[in-house]
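Remarks on the structure that follows.
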4 protein chains.
Amino acid sequence: MNDYNSSAHPRVLEALAGAEGKRFPGYGTDEETAAAAEVVRRLTGRPDADVHFLAGGTQTNLTAIGAFLRPHEAVVSPASSHIYMHETGAIEAVGHKILNIPAEYGKATPAAVREAVASHADEHMVKPKLLFISQATELGTAYSLSELTALRQVSDEHGLFLYVDGARLANTLASEACDLTLEALAGLADAFYIGGTKNGLLFGEALVITNPLLKEDFRFLMKQRGALLAKGFLLGIQFRALLEDGLWLELARHANGMAARLKEGLRAAGVSIFVKNDTNQVFLYARPDMKPLLEKRILFERWGPEEKDGVPIRFVTSWATTEDEIAAAVELF
Amino acid sequence: MNDYNSSAHPRVLEALAGAEGKRFPGYGTDEETAAAAEVVRRLTGRPDADVHFLAGGTQTNLTAIGAFLRPHEAVVSPASSHIYMHETGAIEAVGHKILNIPAEYGKATPAAVREAVASHADEHMVKPKLLFISQATELGTAYSLSELTALRQVSDEHGLFLYVDGARLANTLASEACDLTLEALAGLADAFYIGGTKNGLLFGEALVITNPLLKEDFRFLMKQRGALLAKGFLLGIQFRALLEDGLWLELARHANGMAARLKEGLRAAGVSIFVKNDTNQVFLYARPDMKPLLEKRILFERWGPEEKDGVPIRFVTSWATTEDEIAAAVELF
Amino acid sequence: MNDYNSSAHPRVLEALAGAEGKRFPGYGTDEETAAAAEVVRRLTGRPDADVHFLAGGTQTNLTAIGAFLRPHEAVVSPASSHIYMHETGAIEAVGHKILNIPAEYGKATPAAVREAVASHADEHMVKPKLLFISQATELGTAYSLSELTALRQVSDEHGLFLYVDGARLANTLASEACDLTLEALAGLADAFYIGGTKNGLLFGEALVITNPLLKEDFRFLMKQRGALLAKGFLLGIQFRALLEDGLWLELARHANGMAARLKEGLRAAGVSIFVKNDTNQVFLYARPDMKPLLEKRILFERWGPEEKDGVPIRFVTSWATTEDEIAAAVELF
Amino acid sequence: MNDYNSSAHPRVLEALAGAEGKRFPGYGTDEETAAAAEVVRRLTGRPDADVHFLAGGTQTNLTAIGAFLRPHEAVVSPASSHIYMHETGAIEAVGHKILNIPAEYGKATPAAVREAVASHADEHMVKPKLLFISQATELGTAYSLSELTALRQVSDEHGLFLYVDGARLANTLASEACDLTLEALAGLADAFYIGGTKNGLLFGEALVITNPLLKEDFRFLMKQRGALLAKGFLLGIQFRALLEDGLWLELARHANGMAARLKEGLRAAGVSIFVKNDTNQVFLYARPDMKPLLEKRILFERWGPEEKDGVPIRFVTSWATTEDEIAAAVELF
């Protein structure tokens, strides 16, 4: 059970079907893409933002970070972050070191950022220049408004860009436990992306660049990294369908709700859940005798080596998760 | 008029619609992808080939070439090739020089390859290691079986890998004027790709690696370059629909036919066509007084600065091109 | 007090003076360089080794690692290693992630290597491929024969190359406390370098490649990284003078002896020394009231932020260190 | 006969000998280096310039260009330039394409630059951003003041940085035929280097950055590329000795004079010289029966494949070239 195991939401597919027989200019220069970008600008409250649509998260991260930094500049990021652990060195492959900092349930703290900066003092070391965080984090936790404000402040103190990986951003916005709104996020981050792949689209992420220093020539970088889709209009059409009428928040709300139900069921079954969060990721320890099940990656994902409490595993619910699936998952335990 | 201005062919969309409600493992580890790869192996006559599906052409080229070469090794390629001129330095961005060689209507010759190799003799110069060609070329021309065999031979003489960009491969296979079959190509190239984006898919290219030396760890490289699509099954489903029952050749035949009709109409209108080819690209000189029309890139594409014979422009027909569009295009002249 | 604050040893300068009026082929193709390489082969007991002379340590590390690895392959190394902390991301700038592992006084352990490999299991993560260690380490400690043998074994288990940064290799060979000989090292490592810059030369490191898989085209990589010195004969002449008659071990012995004397003096003065080693690096805590002295980097080097025991600082003795300097250093405390 | 086949000039060696017994701070933070930089600032008439000393030309070019450009930005340069042909793809290895333009005897023209810029119009192509030229060129020719002024103008028109490789700069300044002074050059270029390796030093190039936009964090880039010499004071000492009292121009004048004498002797012997220049490079055609001699690279260098007029070869004279060597060279013909 994860959030990239299904095709797109019917309303997205319907919008795509509407393109049949039409002709579009290439590489995202079409009107659907322009309209989708306009929706993003409206929702974020940033009429001045540059908006680009890319096919996937790793691609977005490497293209953006590779565009934003000079060769000696480094990323500061929790060790649990996707770019540090699960993107096969994509950031290093475009030349940049990632300085991993200790995190609390996936979240960077100002103190840890400050320490990373302080320990890089001269030209024999890389220069920390961009703080990378995820909202929601890889553990499903979310930064509050005050937490993100504090990270903005420490970034300003040290001349860092603040970049937010929003592969699961909608899940935080749809969570009542999280007070960080999209507008607030857009006002605090220099750049961030709104994930579509994991929230109802076939594929697609919407990168929003608010800092004017980071906007120049971005399409050149997209093309150079293989991230400028020939039929860019497919991204525009999908994002319009997702964002224009609030579908994205509906879908995220559903995913969060299914995760809540799963946690409830697991707790009732006596299963130990080891991360507290309010979004769509559920982390638990599987009993040793469940090992044979662990091969079925389609159902869940192993999340590290066996610990004393069992094998850590992760379920991720999505817009497509059904009550039957939740019930089946609970029954495994 | 180009071959990436439309959504996908109805039969491809229908196949995608069939995925609704299903669940798939991620990153191309699903059965649809496995089945599509199997079809590719069957069609190419290479049961041992590694087949990978990627989202676009630039992405495929940079991932493959970046995977195949060591840092000091260079690509030999016609100056008209896509990687040299139209991919924003994607190959250089992964560290490799492209040695451009003179070409005849877009086609590399053994003599030019030999000269490029001969002029790179020691460690003060890059080491030519991969011959990059396109079938069809960027001018719509196609290598014959004997031409490709000769390039294989010169590649063997000098230890070069032979890589074929097949963004428009189907158009050559569907052309009666071209005697180079898919099986023959697969027997001669070390790696090549079968383009889907420009031949009926929403997006997608099928990379075929036949040389065992080039297969190792390729999925690592895909992930690192942002080319491992989370919902990889979308590529598998599309390619199955395209290849399994010969749809791809039907579509290419249609595109070629439309191009033939366009050329016929243009010639009748006294327009000068400046490249002879039998696929789906049409190159002509527009009269100086047609300049105002040249802004409408959706209809055609400017192909360089004004020459004495007029402004060179390019039409590319596709599976979706209609007779009405051909008629409208001819009427412009 | 460090080991790169002086010109070269008089016997090295004398050898260089002997070049006056002579003519040499360029880029290390001269007879002096060939002779120096032959001496290295003899001393290491590896008549088959490839030997290359480069100007500095960072240059050697980035050229070698960049030559040895494919883009998705990573380095495993203690976090205290020079490449991880003090080379401004040079390895990442040639595209490779460094996986830092916990170390004991600067030394990697087989268990830590095993764990790093075990936690990188699929194509979503980099592939550990080269174990980087330093002999002596950045803390002046040295691997014993059995320790290095164990690292070789774990490297073999997991297909890792073993690379040894020998900027201060001579100091371990000249130490009676270290049983790892040059021949044994050469038999265990796939590649390593013998440092000259910090042991009597103006500049220069001798890279020794014993694994045939790593030898191919290395001079191309040297040239590409700017590491092929035009007047390569300067390196050959210097290394001959250093190695041919055992000067390098004499110099290292002197440096070690001066360090021993310094430690003795400091202990007598009640200073707390916080790393035990037998080479030429001395680590101690300065009292808080000594802070004004800490600016004089020519005398010693600050080694991190203030701790409860004082400010950690480092002295490094060299072939040029005099008894007066040692006395002056002790008097500071 | 070339200009990197000898050790250093006696006055340079003497200055180095003066360092014996002294202690210097590392990495170019010493007073000798500061003094040498001050001399460079005085000679160039740019008290505001940043001056960095590096070990070699390829290293200087790749460090500077890699520091100055963003990933999608390209270099425009004559195809005969050193970076295009003879640095093993060093510039591409740091990610940048070189657009080669036609040149007249090694010299770029404004028209060719303009055409290169004009043909790179959108994000599907790299963005020309830096014009690279050499003074003297690789053919020994030199830009006049008006020629360089015109290149500055075309650079300004198109937002290009102007970078000058001055490996043999002194030879143009010492030539009466060249009216481009050091001050004028420093006023026109954004950055350039004064070559030392080929003009009397053991090794060393002095990079001068006058454009404030290009200065930031340059030492980080030097360290990252392995170009920050530990014993940087060696560069400072050498350059002081070379520049402070005009030695560099004396040496270049000698080299130029020897080349003039060689050309005179060759012409008298009926040898065909195929490039007209007034510096220290001599290009001629060797008769076919001289082929056995062509292996002796220490005497001269082959300069391409055999042509109808013979085998092109190059002699380069230097500060160390003697009249006997000239006589011996002439006698070969």
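Ligands are numbered from 1 in the order shown, chains are lettered A, B, ... in the order of the structure tokens, and residues start at 1 in each chain.
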
Which chain D residues have any atom within 10 Å of an atom of chain A, and for each, what is the nearest pair of atoms with distance in Å to one decimal, counting only C-alpha atoms, rows sorted by chain and number, as a Markdown table?
```
| residue | atom | partner | partner_atom | distance |
| --- | --- | --- | --- | --- |
| D:Tyr27 | CA | A:His124 | CA | 9.8 |
| D:Gly66 | CA | A:Pro71 | CA | 7.8 |
| D:Ala67 | CA | A:Pro71 | CA | 7.3 |
| D:Phe68 | CA | A:Arg70 | CA | 9.1 |
| D:Leu69 | CA | A:Arg70 | CA | 8.6 |
| D:Arg70 | CA | A:Arg70 | CA | 7.2 |
| D:Pro71 | CA | A:Ala67 | CA | 7.2 |
| D:His72 | CA | A:Leu221 | CA | 6.2 |
| D:Glu73 | CA | A:Phe220 | CA | 9.0 |
| D:Val94 | CA | A:Gly95 | CA | 9.1 |
| D:Gly95 | CA | A:Val94 | CA | 9.1 |
| D:Asp122 | CA | A:Phe220 | CA | 8.0 |
| D:Glu123 | CA | A:Phe220 | CA | 4.5 |
| D:His124 | CA | A:Lys223 | CA | 6.3 |
| D:Met125 | CA | A:Phe220 | CA | 7.6 |
| D:Val126 | CA | A:Phe220 | CA | 7.4 |
| D:Lys127 | CA | A:Phe220 | CA | 8.2 |
| D:Asp217 | CA | A:Glu123 | CA | 7.8 |
| D:Phe218 | CA | A:Glu123 | CA | 8.8 |
| D:Arg219 | CA | A:Glu123 | CA | 6.1 |
| D:Phe220 | CA | A:Glu123 | CA | 4.4 |
| D:Leu221 | CA | A:His72 | CA | 6.2 |
| D:Met222 | CA | A:Glu123 | CA | 8.7 |
| D:Lys223 | CA | A:His124 | CA | 6.3 |
| D:Gln224 | CA | A:His72 | CA | 7.0 |
| D:Arg225 | CA | A:His72 | CA | 9.7 |
| D:Leu228 | CA | A:His124 | CA | 9.3 |
```

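Secondary structure of region 108-259 of chain C, strand (DSSP E) only (DSSP, backbone atoms): Lys127, Pro128, Lys129, Leu130, Leu131, Phe132, Ile133, Ser134, Phe161, Leu162, Tyr163, Val164, Asp165, Ala191, Phe192, Tyr193, Ile194, Gly195, Glu205, Ala206, Leu207, Val208 and Ile209 of chain C.
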
Q.
Between C:Thr88, C:Val282, C:Leu173, C:Ala34, which residue has the minimum interatomic distance to Ala121 (chain A), considering only C-alpha atoms?
A. C:Thr88

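Closest to Ala37 (chain C) among C:Glu325, C:Glu115, C:Asp278, C:Glu244 is C:Glu244, based on only C-alpha atoms.
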
Q. Contacts of Asp245 (chain C) at 12 Å or less, counting only C-alpha atoms, minus same-chain residues fewer than 5 places along, as a list in words?
A. Arg11, Val12, Ala36, Val39, Val40, Leu43, Phe239, Arg240, Glu250 and Leu251 of chain C

Write out as a PDB file with C-alpha atoms, in the first residue's frame the residues lying within 9 Å of Pro212 (chain D), counting only C-alpha atoms and excluding same-chain residues fewer than 6 positions away.
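Result file part-v5.pdb:
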```pdb
ATOM      1  CA  ASP D  48      40.965  46.176  -7.224  1.00  0.00           C
ATOM      2  CA  ALA D  49      41.765  42.909  -9.000  1.00  0.00           C
ATOM      3  CA  ASP D  50      41.659  39.545  -7.287  1.00  0.00           C
ATOM      4  CA  ASP D 190      36.860  40.073 -17.179  1.00  0.00           C
TER       5      ASP D 190
END
```

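Distances here use only C-alpha atoms; by that measure, the residue among A:Ala93, A:Thr60, A:Ser119, A:Ala227 closest to Glu306 (chain C) is A:Ser119.
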
Q. Among region 16-97 of chain B, which residues carry a DSSP assignment of helix (DSSP H, G or I), reported as a VMD selection string?
A. chain B and resid 16 to 17 31 to 44 57 to 68 82 to 85 90 to 93

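Residue neighbourhood of Gly195 (chain B), excluding near-sequence residues (fewer than 5 positions): Gly166, Ala167, Arg168, Leu169, Gly204, Glu205 and Ala206 of chain B, at 7 Å, using only C-alpha atoms.
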